[in-house]
>>> print(open('upload.cif').read())   # mmCIF, C-alpha atoms, pLDDT in the B column; chains and numbers go by the auth columns
data_final
loop_
_atom_site.group_PDB
_atom_site.id
_atom_site.type_symbol
_atom_site.label_atom_id
_atom_site.label_comp_id
_atom_site.label_asym_id
_atom_site.label_seq_id
_atom_site.Cartn_x
_atom_site.Cartn_y
_atom_site.Cartn_z
_atom_site.B_iso_or_equiv
_atom_site.auth_seq_id
_atom_site.auth_asym_id
ATOM 1 C CA MET A 1 70.021 19.080 -2.236 78.00 300 V
ATOM 2 C CA ASP A 2 73.260 17.212 -2.912 90.00 301 V
ATOM 3 C CA TYR A 3 74.017 13.522 -2.493 93.00 302 V
ATOM 4 C CA ASN A 4 77.019 11.849 -0.933 91.00 303 V
ATOM 5 C CA VAL A 5 78.218 8.675 -2.607 91.00 304 V
ATOM 6 C CA ASN A 6 81.456 6.919 -1.720 87.00 305 V
ATOM 7 C CA GLU A 7 82.737 10.161 -0.167 87.00 306 V
ATOM 8 C CA THR A 8 82.020 12.145 -3.313 90.00 307 V
ATOM 9 C CA THR A 9 79.479 14.961 -3.415 93.00 308 V
ATOM 10 C CA ILE A 10 77.024 14.812 -6.317 93.00 309 V
ATOM 11 C CA ASN A 11 75.229 18.059 -7.048 93.00 310 V
ATOM 12 C CA ALA A 12 71.465 18.090 -7.406 93.00 311 V
ATOM 13 C CA ASP A 13 68.796 20.754 -7.797 92.00 312 V
ATOM 14 C CA GLU A 14 66.334 21.717 -5.067 91.00 313 V
ATOM 15 C CA GLU A 15 64.014 18.864 -6.051 91.00 314 V
ATOM 16 C CA GLY A 16 66.764 16.264 -5.984 92.00 315 V
ATOM 17 C CA TYR A 17 67.426 15.808 -9.702 94.00 316 V
ATOM 18 C CA ILE A 18 71.160 15.559 -10.306 94.00 317 V
ATOM 19 C CA THR A 19 72.556 18.419 -12.362 92.00 318 V
ATOM 20 C CA ASP A 20 75.234 16.493 -14.254 91.00 319 V
ATOM 21 C CA MET A 21 73.898 13.321 -15.822 91.00 320 V
ATOM 22 C CA GLY A 22 77.455 12.085 -16.242 92.00 321 V
ATOM 23 C CA SER A 23 77.834 11.813 -12.465 92.00 322 V
ATOM 24 C CA TRP A 24 75.234 9.020 -12.270 95.00 323 V
ATOM 25 C CA SER A 25 76.185 5.578 -10.992 95.00 324 V
ATOM 26 C CA LYS A 26 74.328 2.574 -9.620 95.00 325 V
ATOM 27 C CA ASP A 27 75.538 3.502 -6.131 95.00 326 V
ATOM 28 C CA LEU A 28 74.130 6.992 -6.615 95.00 327 V
ATOM 29 C CA ALA A 29 70.808 5.486 -7.737 96.00 328 V
ATOM 30 C CA ASP A 30 70.676 3.489 -4.497 96.00 329 V
ATOM 31 C CA THR A 31 71.448 6.642 -2.502 95.00 330 V
ATOM 32 C CA ILE A 32 68.716 8.661 -4.234 96.00 331 V
ATOM 33 C CA ALA A 33 66.302 5.759 -3.718 96.00 332 V
ATOM 34 C CA VAL A 34 66.937 5.864 0.046 95.00 333 V
ATOM 35 C CA THR A 35 66.023 9.560 0.181 94.00 334 V
ATOM 36 C CA GLU A 36 62.897 8.697 -1.847 94.00 335 V
ATOM 37 C CA LYS A 37 62.126 5.925 0.665 94.00 336 V
ATOM 38 C CA ILE A 38 62.277 3.271 -2.028 96.00 337 V
ATOM 39 C CA ASP A 39 63.865 -0.112 -1.513 95.00 338 V
ATOM 40 C CA MET A 40 65.257 -0.938 -4.953 97.00 339 V
ATOM 41 C CA SER A 41 64.174 -4.369 -6.227 97.00 340 V
ATOM 42 C CA ASP A 42 64.801 -5.931 -9.631 97.00 341 V
ATOM 43 C CA ASP A 43 61.415 -4.562 -10.696 97.00 342 V
ATOM 44 C CA HIS A 44 62.464 -1.028 -9.743 97.00 343 V
ATOM 45 C CA TRP A 45 65.716 -1.447 -11.619 97.00 344 V
ATOM 46 C CA GLU A 46 63.856 -2.651 -14.678 97.00 345 V
ATOM 47 C CA VAL A 47 61.929 0.632 -14.827 96.00 346 V
ATOM 48 C CA VAL A 48 65.009 2.741 -14.066 97.00 347 V
ATOM 49 C CA ASN A 49 66.988 0.972 -16.786 96.00 348 V
ATOM 50 C CA PHE A 50 64.059 1.342 -19.172 96.00 349 V
ATOM 51 C CA LEU A 51 64.055 5.103 -18.551 96.00 350 V
ATOM 52 C CA ARG A 52 67.787 5.366 -19.125 96.00 351 V
ATOM 53 C CA ASP A 53 67.382 3.523 -22.439 96.00 352 V
ATOM 54 C CA TYR A 54 64.469 5.792 -23.369 95.00 353 V
ATOM 55 C CA TYR A 55 66.590 8.847 -22.645 95.00 354 V
ATOM 56 C CA GLU A 56 69.481 7.426 -24.624 94.00 355 V
ATOM 57 C CA GLU A 57 67.195 7.007 -27.628 95.00 356 V
ATOM 58 C CA TYR A 58 65.062 10.162 -27.443 95.00 357 V
ATOM 59 C CA GLN A 59 67.146 12.576 -25.322 92.00 358 V
ATOM 60 C CA ILE A 60 64.206 13.398 -23.043 92.00 359 V
ATOM 61 C CA ALA A 61 62.584 12.000 -19.931 92.00 360 V
ATOM 62 C CA PRO A 62 59.048 10.962 -20.899 91.00 361 V
ATOM 63 C CA ALA A 63 55.806 12.129 -19.263 89.00 362 V
ATOM 64 C CA VAL A 64 54.202 9.444 -17.120 88.00 363 V
ATOM 65 C CA ARG A 65 51.552 8.438 -19.623 88.00 364 V
ATOM 66 C CA VAL A 66 54.112 8.160 -22.396 91.00 365 V
ATOM 67 C CA LEU A 67 56.333 6.076 -20.123 92.00 366 V
ATOM 68 C CA THR A 68 53.450 3.771 -19.229 93.00 367 V
ATOM 69 C CA LYS A 69 52.618 3.243 -22.878 92.00 368 V
ATOM 70 C CA ALA A 70 56.236 2.630 -23.855 94.00 369 V
ATOM 71 C CA ILE A 71 56.672 0.061 -21.063 96.00 370 V
ATOM 72 C CA LYS A 72 53.450 -1.653 -22.117 95.00 371 V
ATOM 73 C CA LYS A 73 54.814 -1.925 -25.626 94.00 372 V
ATOM 74 C CA SER A 74 58.146 -3.420 -24.650 94.00 373 V
ATOM 75 C CA LEU A 75 57.504 -5.255 -21.334 95.00 374 V
ATOM 76 C CA GLY A 76 53.819 -6.089 -21.738 96.00 375 V
ATOM 77 C CA PRO A 77 50.542 -4.959 -20.111 95.00 376 V
ATOM 78 C CA ASP A 78 51.347 -6.555 -16.716 96.00 377 V
ATOM 79 C CA LYS A 79 54.039 -3.897 -16.237 95.00 378 V
ATOM 80 C CA GLY A 80 52.832 -1.199 -18.596 94.00 379 V
ATOM 81 C CA ASN A 81 50.001 0.038 -16.398 94.00 380 V
ATOM 82 C CA SER A 82 49.674 2.821 -13.865 92.00 381 V
ATOM 83 C CA LYS A 83 48.809 0.575 -10.922 94.00 382 V
ATOM 84 C CA TYR A 84 51.975 -1.500 -11.230 96.00 383 V
ATOM 85 C CA LEU A 85 54.184 1.549 -11.744 95.00 384 V
ATOM 86 C CA TYR A 86 52.645 3.558 -8.884 95.00 385 V
ATOM 87 C CA GLU A 87 53.106 0.593 -6.554 96.00 386 V
ATOM 88 C CA LEU A 88 56.812 0.668 -7.365 96.00 387 V
ATOM 89 C CA PHE A 89 57.085 4.466 -7.264 96.00 388 V
ATOM 90 C CA PRO A 90 54.249 5.836 -5.092 94.00 389 V
ATOM 91 C CA TYR A 91 55.124 9.507 -5.653 91.00 390 V
ATOM 92 C CA GLY A 92 54.933 9.197 -9.419 89.00 391 V
ATOM 93 C CA PRO A 93 56.714 6.674 -11.633 89.00 392 V
ATOM 94 C CA ALA A 94 58.066 9.276 -14.035 85.00 393 V
ATOM 95 C CA LYS A 95 59.178 11.769 -11.376 88.00 394 V
ATOM 96 C CA GLN A 96 60.706 9.344 -8.909 93.00 395 V
ATOM 97 C CA ALA A 97 62.135 6.849 -11.356 95.00 396 V
ATOM 98 C CA CYS A 98 63.641 9.661 -13.463 95.00 397 V
ATOM 99 C CA LYS A 99 65.275 11.088 -10.362 95.00 398 V
ATOM 100 C CA ILE A 100 66.760 7.718 -9.454 97.00 399 V
ATOM 101 C CA ALA A 101 67.795 7.157 -13.078 97.00 400 V
ATOM 102 C CA GLY A 102 69.695 10.458 -13.030 95.00 401 V
ATOM 103 C CA LEU A 103 67.525 12.037 -15.727 94.00 402 V
ATOM 104 C CA PRO A 104 66.031 15.525 -15.809 88.00 403 V
ATOM 105 C CA LYS A 105 62.467 16.132 -14.678 84.00 404 V
ATOM 106 C CA PRO A 106 60.075 14.594 -17.223 83.00 405 V
ATOM 107 C CA THR A 107 58.995 16.720 -20.166 72.00 406 V
ATOM 108 C CA GLY A 108 55.305 17.445 -19.860 61.00 407 V
ATOM 109 C CA CYS A 109 55.514 17.484 -16.100 59.00 408 V
ATOM 110 C CA VAL A 110 55.008 21.061 -14.928 49.00 409 V
ATOM 111 C CA MET B 1 42.445 -1.375 -12.318 40.00 177 K
ATOM 112 C CA ASP B 2 41.020 0.466 -15.288 42.00 178 K
ATOM 113 C CA ASP B 3 40.293 3.669 -13.418 42.00 179 K
ATOM 114 C CA PHE B 4 43.964 3.642 -12.536 48.00 180 K
ATOM 115 C CA GLU B 5 44.898 3.064 -16.145 48.00 181 K
ATOM 116 C CA ASP B 6 44.781 6.576 -17.521 52.00 182 K
ATOM 117 C CA ASP B 7 44.534 9.861 -15.742 54.00 183 K
ATOM 118 C CA GLU B 8 42.739 11.275 -18.769 59.00 184 K
ATOM 119 C CA PHE B 9 42.485 15.035 -18.884 63.00 185 K
ATOM 120 C CA ASP B 10 38.811 15.875 -19.283 75.00 186 K
ATOM 121 C CA GLY B 11 38.986 19.650 -19.671 83.00 187 K
ATOM 122 C CA PRO B 12 38.429 21.473 -22.958 90.00 188 K
ATOM 123 C CA VAL B 13 40.435 20.297 -25.974 94.00 189 K
ATOM 124 C CA LYS B 14 41.596 22.899 -28.449 96.00 190 K
ATOM 125 C CA LYS B 15 43.249 22.540 -31.828 97.00 191 K
ATOM 126 C CA PHE B 16 46.797 23.844 -31.494 98.00 192 K
ATOM 127 C CA LEU B 17 49.089 24.323 -34.453 98.00 193 K
ATOM 128 C CA PHE B 18 52.755 24.945 -33.748 98.00 194 K
ATOM 129 C CA LEU B 19 54.636 26.587 -36.579 98.00 195 K
ATOM 130 C CA ASN B 20 58.402 26.070 -36.496 98.00 196 K
ATOM 131 C CA ARG B 21 60.275 28.443 -38.788 97.00 197 K
ATOM 132 C CA LYS B 22 63.769 28.764 -37.355 97.00 198 K
ATOM 133 C CA ALA B 23 66.976 26.758 -37.712 97.00 199 K
ATOM 134 C CA PRO B 24 67.518 24.297 -34.836 97.00 200 K
ATOM 135 C CA TYR B 25 70.584 25.969 -33.341 96.00 201 K
ATOM 136 C CA GLY B 26 71.653 29.576 -32.856 94.00 202 K
ATOM 137 C CA THR B 27 68.456 30.476 -31.047 95.00 203 K
ATOM 138 C CA ILE B 28 66.486 28.648 -28.380 94.00 204 K
ATOM 139 C CA TYR B 29 63.210 28.719 -30.345 96.00 205 K
ATOM 140 C CA ALA B 30 63.361 25.225 -31.850 97.00 206 K
ATOM 141 C CA LEU B 31 64.177 23.418 -28.605 95.00 207 K
ATOM 142 C CA GLU B 32 61.717 25.441 -26.516 94.00 208 K
ATOM 143 C CA GLY B 33 59.060 25.046 -29.204 96.00 209 K
ATOM 144 C CA LEU B 34 59.502 21.281 -29.143 96.00 210 K
ATOM 145 C CA GLU B 35 59.103 21.233 -25.362 94.00 211 K
ATOM 146 C CA VAL B 36 55.904 23.243 -25.604 95.00 212 K
ATOM 147 C CA VAL B 37 54.566 20.787 -28.181 96.00 213 K
ATOM 148 C CA LEU B 38 55.328 17.829 -25.908 94.00 214 K
ATOM 149 C CA ILE B 39 53.747 19.515 -22.894 92.00 215 K
ATOM 150 C CA THR B 40 50.660 20.470 -24.909 94.00 216 K
ATOM 151 C CA ALA B 41 50.356 16.881 -26.108 93.00 217 K
ATOM 152 C CA ALA B 42 50.789 15.591 -22.551 89.00 218 K
ATOM 153 C CA PHE B 43 47.680 17.627 -21.680 89.00 219 K
ATOM 154 C CA ASP B 44 45.713 15.753 -24.363 90.00 220 K
ATOM 155 C CA GLN B 45 45.261 18.667 -26.700 95.00 221 K
ATOM 156 C CA ASP B 46 44.802 18.300 -30.468 97.00 222 K
ATOM 157 C CA VAL B 47 48.289 19.131 -31.715 98.00 223 K
ATOM 158 C CA SER B 48 49.573 19.785 -35.227 98.00 224 K
ATOM 159 C CA MET B 49 53.189 20.638 -35.920 98.00 225 K
ATOM 160 C CA VAL B 50 54.423 22.436 -39.029 98.00 226 K
ATOM 161 C CA PHE B 51 57.991 22.903 -40.214 98.00 227 K
ATOM 162 C CA ALA B 52 58.533 25.748 -42.664 98.00 228 K
ATOM 163 C CA ASP B 53 61.340 28.077 -43.799 98.00 229 K
ATOM 164 C CA ASP B 54 64.615 27.176 -41.992 98.00 230 K
ATOM 165 C CA GLY B 55 62.460 25.230 -39.517 98.00 231 K
ATOM 166 C CA VAL B 56 62.691 22.243 -41.864 98.00 232 K
ATOM 167 C CA PHE B 57 66.341 21.927 -40.812 98.00 233 K
ATOM 168 C CA GLN B 58 65.131 21.017 -37.294 98.00 234 K
ATOM 169 C CA ILE B 59 64.164 17.567 -38.503 98.00 235 K
ATOM 170 C CA LYS B 60 67.031 17.023 -40.925 98.00 236 K
ATOM 171 C CA LYS B 61 68.919 13.754 -40.460 97.00 237 K
ATOM 172 C CA ASP B 62 72.593 13.561 -39.472 96.00 238 K
ATOM 173 C CA GLN B 63 72.892 16.699 -37.365 96.00 239 K
ATOM 174 C CA GLU B 64 76.440 17.090 -36.103 95.00 240 K
ATOM 175 C CA THR B 65 76.567 19.546 -33.225 95.00 241 K
ATOM 176 C CA SER B 66 79.832 18.797 -31.452 92.00 242 K
ATOM 177 C CA GLY B 67 81.502 21.818 -33.108 94.00 243 K
ATOM 178 C CA ILE B 68 79.018 24.237 -31.536 93.00 244 K
ATOM 179 C CA ASN B 69 78.852 22.606 -28.097 90.00 245 K
ATOM 180 C CA MET B 70 75.130 22.007 -28.316 90.00 246 K
ATOM 181 C CA LYS B 71 73.200 18.838 -27.621 89.00 247 K
ATOM 182 C CA ASN B 72 71.828 17.330 -30.820 94.00 248 K
ATOM 183 C CA PHE B 73 68.171 17.166 -29.842 95.00 249 K
ATOM 184 C CA SER B 74 66.887 15.894 -33.178 97.00 250 K
ATOM 185 C CA PRO B 75 66.301 12.375 -31.711 96.00 251 K
ATOM 186 C CA THR B 76 63.599 13.937 -29.513 96.00 252 K
ATOM 187 C CA TYR B 77 61.394 14.566 -32.560 97.00 253 K
ATOM 188 C CA ARG B 78 61.129 10.780 -32.824 96.00 254 K
ATOM 189 C CA ALA B 79 59.430 10.802 -29.398 95.00 255 K
ATOM 190 C CA LEU B 80 56.491 12.786 -30.831 96.00 256 K
ATOM 191 C CA GLU B 81 54.772 9.573 -31.896 94.00 257 K
ATOM 192 C CA GLY B 82 54.822 8.293 -28.299 93.00 258 K
ATOM 193 C CA TYR B 83 53.201 11.579 -27.227 94.00 259 K
ATOM 194 C CA GLU B 84 50.533 10.877 -29.861 94.00 260 K
ATOM 195 C CA VAL B 85 51.535 13.842 -31.993 96.00 261 K
ATOM 196 C CA GLU B 86 50.825 12.372 -35.402 96.00 262 K
ATOM 197 C CA LYS B 87 49.884 15.441 -37.429 98.00 263 K
ATOM 198 C CA VAL B 88 53.295 16.615 -38.559 98.00 264 K
ATOM 199 C CA TYR B 89 53.714 18.661 -41.709 98.00 265 K
ATOM 200 C CA ALA B 90 56.539 20.209 -43.704 98.00 266 K
ATOM 201 C CA GLU B 91 56.086 22.962 -46.243 98.00 267 K
ATOM 202 C CA LYS B 92 56.807 21.812 -49.783 98.00 268 K
ATOM 203 C CA GLU B 93 58.318 25.097 -50.958 98.00 269 K
ATOM 204 C CA SER B 94 60.673 25.299 -47.962 98.00 270 K
ATOM 205 C CA LEU B 95 61.954 21.754 -48.524 98.00 271 K
ATOM 206 C CA GLU B 96 62.482 22.365 -52.239 98.00 272 K
ATOM 207 C CA ALA B 97 64.279 25.665 -51.727 98.00 273 K
ATOM 208 C CA ARG B 98 66.761 23.863 -49.457 98.00 274 K
ATOM 209 C CA GLY B 99 67.224 20.805 -51.653 98.00 275 K
ATOM 210 C CA LEU B 100 65.574 18.525 -49.081 97.00 276 K
ATOM 211 C CA SER B 101 63.114 15.677 -49.513 96.00 277 K
ATOM 212 C CA GLU B 102 61.176 13.501 -47.074 95.00 278 K
ATOM 213 C CA ASP B 103 64.062 11.010 -47.142 96.00 279 K
ATOM 214 C CA ASP B 104 66.313 13.595 -45.501 97.00 280 K
ATOM 215 C CA LEU B 105 64.096 13.878 -42.411 98.00 281 K
ATOM 216 C CA VAL B 106 64.268 12.060 -39.049 97.00 282 K
ATOM 217 C CA ILE B 107 60.478 11.563 -38.850 97.00 283 K
ATOM 218 C CA PRO B 108 57.729 10.933 -41.394 97.00 284 K
ATOM 219 C CA VAL B 109 55.883 14.117 -42.358 98.00 285 K
ATOM 220 C CA GLU B 110 53.052 15.050 -44.641 98.00 286 K
ATOM 221 C CA VAL B 111 54.323 17.526 -47.222 98.00 287 K
ATOM 222 C CA LEU B 112 51.886 20.360 -47.899 98.00 288 K
ATOM 223 C CA SER B 113 52.136 23.433 -50.117 98.00 289 K
ATOM 224 C CA ALA B 114 51.950 26.905 -48.606 97.00 290 K
ATOM 225 C CA ALA B 115 48.385 27.205 -49.890 98.00 291 K
ATOM 226 C CA GLU B 116 47.382 23.900 -48.276 98.00 292 K
ATOM 227 C CA LEU B 117 49.007 24.961 -44.999 98.00 293 K
ATOM 228 C CA ALA B 118 47.002 28.179 -45.074 97.00 294 K
ATOM 229 C CA GLU B 119 43.832 26.087 -45.257 97.00 295 K
ATOM 230 C CA LEU B 120 45.030 23.907 -42.379 98.00 296 K
ATOM 231 C CA MET B 121 45.731 27.001 -40.274 97.00 297 K
ATOM 232 C CA ASP B 122 42.214 28.235 -40.927 97.00 298 K
ATOM 233 C CA THR B 123 40.842 25.202 -39.065 97.00 299 K
ATOM 234 C CA GLN B 124 42.837 25.767 -35.851 98.00 300 K
ATOM 235 C CA ASP B 125 41.835 27.353 -32.540 97.00 301 K
ATOM 236 C CA VAL B 126 45.344 28.439 -31.598 97.00 302 K
ATOM 237 C CA ILE B 127 48.451 29.011 -33.715 98.00 303 K
ATOM 238 C CA VAL B 128 51.805 29.450 -32.016 97.00 304 K
ATOM 239 C CA SER B 129 54.833 30.445 -34.049 97.00 305 K
ATOM 240 C CA PHE B 130 58.387 29.671 -32.967 95.00 306 K
#
>>> encode(input="upload.cif", output="structure tokens")
Amino acid sequence: MDYNVNETTINADEEGYITDMGSWSKDLADTIAVTEKIDMSDDHWEVVNFLRDYYEEYQIAPAVRVLTKAIKKSLGPDKGNSKYLYELFPYGPAKQACKIAGLPKPTGCV
Amino acid sequence: MDDFEDDEFDGPVKKFLFLNRKAPYGTIYALEGLEVVLITAAFDQDVSMVFADDGVFQIKKDQETSGINMKNFSPTYRALEGYEVEKVYAEKESLEARGLSEDDLVIPVEVLSAAELAELMDTQDVIVSF
């Protein structure tokens, strides 16, 4: 399942995770979000950027519970809870947000 | 909101000990072993992690992997805390034989002798060796 961004083809696996993290861009994130039926707001971007920072630091995409806890720690309990995150990403905050962030499928998600 | 808060796993919880004995690169054991630990922890199991023999090199600071075209995955060990894996041990004899101390490691560990590790292993339900 590949994506088309600015007339460039970006390769992705059958679930829609891009295969080369280096090919990620904000335009690509918007494109992936459309296929996920998500209208990217600042709140969505905050989570996506948080995930990219997490990956940068730990070199993995976190499981949803670990993500929730990490967001709670850095952005506070209003955002670090499942209800808030599932409202932003109804099909799973870790799965969907990781996909949009250009990260691999979360570790601990089988 | 609280019942949304945590999708706690309420199945049986076993005591898993993961024994890591191999150098981080050259084989896939260290990286795959780490993934299994994270997945096991994500399923709320009681996880202990032991580094022994060349396995202590997995958590050595300052790994430089560009020459072997491998991703340096040592930063991922620092994610263990977020996965609530807090029982992390290194074997005293293995560290000493390689001239390493706790200060050389990317994460805090409890240093145990081989004899103490044997006792720890006796208390586990499952031991997996990588």
>>> residues_around(input="upload.cif", residues="Ile317 in chain V", least_positions_apart="4", cutoff="12 Å", atoms="all atoms listed in the file", output="list in words")
Met300, Asp301, Tyr302, Asn303, Thr308, Ile309, Asn310, Ala311, Asp312, Glu313, Gly321, Ser322, Trp323, Ser324, Leu327, Ala328, Thr330, Ile331, Cys397, Lys398, Ile399, Ala400, Gly401, Leu402, Pro403 and Lys404 of chain V
>>> write_last_selection(input="upload.cif", atoms="C-alpha atoms", output="PDB file, keeping the file's coordinate frame")
ATOM      1  CA  MET V 300      70.021  19.080  -2.236  1.00 78.00           C
ATOM      2  CA  ASP V 301      73.260  17.212  -2.912  1.00 90.00           C
ATOM      3  CA  TYR V 302      74.017  13.522  -2.493  1.00 93.00           C
ATOM      4  CA  ASN V 303      77.019  11.849  -0.933  1.00 91.00           C
ATOM      5  CA  THR V 308      79.479  14.961  -3.415  1.00 93.00           C
ATOM      6  CA  ILE V 309      77.024  14.812  -6.317  1.00 93.00           C
ATOM      7  CA  ASN V 310      75.229  18.059  -7.048  1.00 93.00           C
ATOM      8  CA  ALA V 311      71.465  18.090  -7.406  1.00 93.00           C
ATOM      9  CA  ASP V 312      68.796  20.754  -7.797  1.00 92.00           C
ATOM     10  CA  GLU V 313      66.334  21.717  -5.067  1.00 91.00           C
ATOM     11  CA  GLY V 321      77.455  12.085 -16.242  1.00 92.00           C
ATOM     12  CA  SER V 322      77.834  11.813 -12.465  1.00 92.00           C
ATOM     13  CA  TRP V 323      75.234   9.020 -12.270  1.00 95.00           C
ATOM     14  CA  SER V 324      76.185   5.578 -10.992  1.00 95.00           C
ATOM     15  CA  LEU V 327      74.130   6.992  -6.615  1.00 95.00           C
ATOM     16  CA  ALA V 328      70.808   5.486  -7.737  1.00 96.00           C
ATOM     17  CA  THR V 330      71.448   6.642  -2.502  1.00 95.00           C
ATOM     18  CA  ILE V 331      68.716   8.661  -4.234  1.00 96.00           C
ATOM     19  CA  CYS V 397      63.641   9.661 -13.463  1.00 95.00           C
ATOM     20  CA  LYS V 398      65.275  11.088 -10.362  1.00 95.00           C
ATOM     21  CA  ILE V 399      66.760   7.718  -9.454  1.00 97.00           C
ATOM     22  CA  ALA V 400      67.795   7.157 -13.078  1.00 97.00           C
ATOM     23  CA  GLY V 401      69.695  10.458 -13.030  1.00 95.00           C
ATOM     24  CA  LEU V 402      67.525  12.037 -15.727  1.00 94.00           C
ATOM     25  CA  PRO V 403      66.031  15.525 -15.809  1.00 88.00           C
ATOM     26  CA  LYS V 404      62.467  16.132 -14.678  1.00 84.00           C
TER      27      LYS V 404
END
>>> interface_residues(input="upload.cif", of="chain V", to="chain K", cutoff="7 Å", atoms="only C-alpha atoms", output="list in words")
Glu356, Tyr357, Gln358, Ile359, Ala362, Val365, Asn380, Ser381, Lys382, Thr406 and Gly407 of chain V
>>> resolve_selection(input="upload.cif", expression="the PyMOL selection byres ((chain K and resi 193) around 9)", output="CSV table (one decimal) with C-alpha atoms, keeping the file's coordinate frame")
chain,number,residue,atom,x,y,z
K,191,LYS,CA,43.2,22.5,-31.8
K,192,PHE,CA,46.8,23.8,-31.5
K,194,PHE,CA,52.8,24.9,-33.7
K,195,LEU,CA,54.6,26.6,-36.6
K,222,ASP,CA,44.8,18.3,-30.5
K,223,VAL,CA,48.3,19.1,-31.7
K,224,SER,CA,49.6,19.8,-35.2
K,225,MET,CA,53.2,20.6,-35.9
K,226,VAL,CA,54.4,22.4,-39.0
K,296,LEU,CA,45.0,23.9,-42.4
K,297,MET,CA,45.7,27.0,-40.3
K,300,GLN,CA,42.8,25.8,-35.9
K,301,ASP,CA,41.8,27.4,-32.5
K,302,VAL,CA,45.3,28.4,-31.6
K,303,ILE,CA,48.5,29.0,-33.7
K,304,VAL,CA,51.8,29.4,-32.0
K,305,SER,CA,54.8,30.4,-34.0
>>> atom_distance(input="upload.cif", atom1="CA of Phe349 in chain V", atom2="CA of Pro389 in chain V")
17.7 Å
>>> axis_aligned_box(input="upload.cif", around="range 391-402 of chain V", padding_each_side="3 Å", output="AutoDock Vina command-line options")
--center_x 62.3 --center_y 9.4 --center_z -12.3 --size_x 20.8 --size_y 11.4 --size_z 12.8
>>> residues_around(input="upload.cif", residues="Val285 in chain K", least_positions_apart="5", cutoff="7 Å", atoms="only C-alpha atoms", output="number ranges by chain")
K: 264-266
>>> resolve_selection(input="upload.cif", expression="the PyMOL selection byres ((chain K and resi 196) around 9)", output="number ranges by chain")
K: 194-195, 197-199, 205-206, 209-210, 225-232, 234, 304-306
>>> resolve_selection(input="upload.cif", expression="the PyMOL selection byres ((chain K and resi 288) around 9)", output="list in words")
Tyr265, Ala266, Glu267, Lys268, Glu269, Glu286, Val287, Ser289, Ala290, Ala291, Glu292 and Leu293 of chain K
>>> closest_residue(input="upload.cif", among="V:Pro376, V:Tyr316, V:Lys371, V:Pro405", to="Ala332 in chain V", atoms="only C-alpha atoms")
V:Tyr316
>>> atom_distance(input="upload.cif", atom1="CA of Ser242 in chain K", atom2="CA of Val261 in chain K")
28.7 Å
>>> atom_distance(input="upload.cif", atom1="CA of Ile235 in chain K", atom2="CA of Asn348 in chain V")
27.5 Å
>>> residues_around(input="upload.cif", residues="Phe388 in chain V", least_positions_apart="2", cutoff="12 Å", atoms="only C-alpha atoms", output="PDB file with C-alpha atoms, keeping the file's coordinate frame")
ATOM      1  CA  ALA V 332      66.302   5.759  -3.718  1.00 96.00           C
ATOM      2  CA  GLU V 335      62.897   8.697  -1.847  1.00 94.00           C
ATOM      3  CA  LYS V 336      62.126   5.925   0.665  1.00 94.00           C
ATOM      4  CA  ILE V 337      62.277   3.271  -2.028  1.00 96.00           C
ATOM      5  CA  ASP V 338      63.865  -0.112  -1.513  1.00 95.00           C
ATOM      6  CA  MET V 339      65.257  -0.938  -4.953  1.00 97.00           C
ATOM      7  CA  SER V 340      64.174  -4.369  -6.227  1.00 97.00           C
ATOM      8  CA  ASP V 342      61.415  -4.562 -10.696  1.00 97.00           C
ATOM      9  CA  HIS V 343      62.464  -1.028  -9.743  1.00 97.00           C
ATOM     10  CA  TRP V 344      65.716  -1.447 -11.619  1.00 97.00           C
ATOM     11  CA  VAL V 346      61.929   0.632 -14.827  1.00 96.00           C
ATOM     12  CA  VAL V 347      65.009   2.741 -14.066  1.00 97.00           C
ATOM     13  CA  VAL V 363      54.202   9.444 -17.120  1.00 88.00           C
ATOM     14  CA  SER V 381      49.674   2.821 -13.865  1.00 92.00           C
ATOM     15  CA  LYS V 382      48.809   0.575 -10.922  1.00 94.00           C
ATOM     16  CA  TYR V 383      51.975  -1.500 -11.230  1.00 96.00           C
ATOM     17  CA  LEU V 384      54.184   1.549 -11.744  1.00 95.00           C
ATOM     18  CA  TYR V 385      52.645   3.558  -8.884  1.00 95.00           C
ATOM     19  CA  GLU V 386      53.106   0.593  -6.554  1.00 96.00           C
ATOM     20  CA  TYR V 390      55.124   9.507  -5.653  1.00 91.00           C
ATOM     21  CA  GLY V 391      54.933   9.197  -9.419  1.00 89.00           C
ATOM     22  CA  PRO V 392      56.714   6.674 -11.633  1.00 89.00           C
ATOM     23  CA  ALA V 393      58.066   9.276 -14.035  1.00 85.00           C
ATOM     24  CA  LYS V 394      59.178  11.769 -11.376  1.00 88.00           C
ATOM     25  CA  GLN V 395      60.706   9.344  -8.909  1.00 93.00           C
ATOM     26  CA  ALA V 396      62.135   6.849 -11.356  1.00 95.00           C
ATOM     27  CA  CYS V 397      63.641   9.661 -13.463  1.00 95.00           C
ATOM     28  CA  LYS V 398      65.275  11.088 -10.362  1.00 95.00           C
ATOM     29  CA  ILE V 399      66.760   7.718  -9.454  1.00 97.00           C
TER      30      ILE V 399
END
>>> closest_residue(input="upload.cif", among="K:Lys236, K:Val189, K:Thr203, K:Gln221", to="Ser277 in chain K", atoms="all atoms listed in the file")
K:Lys236
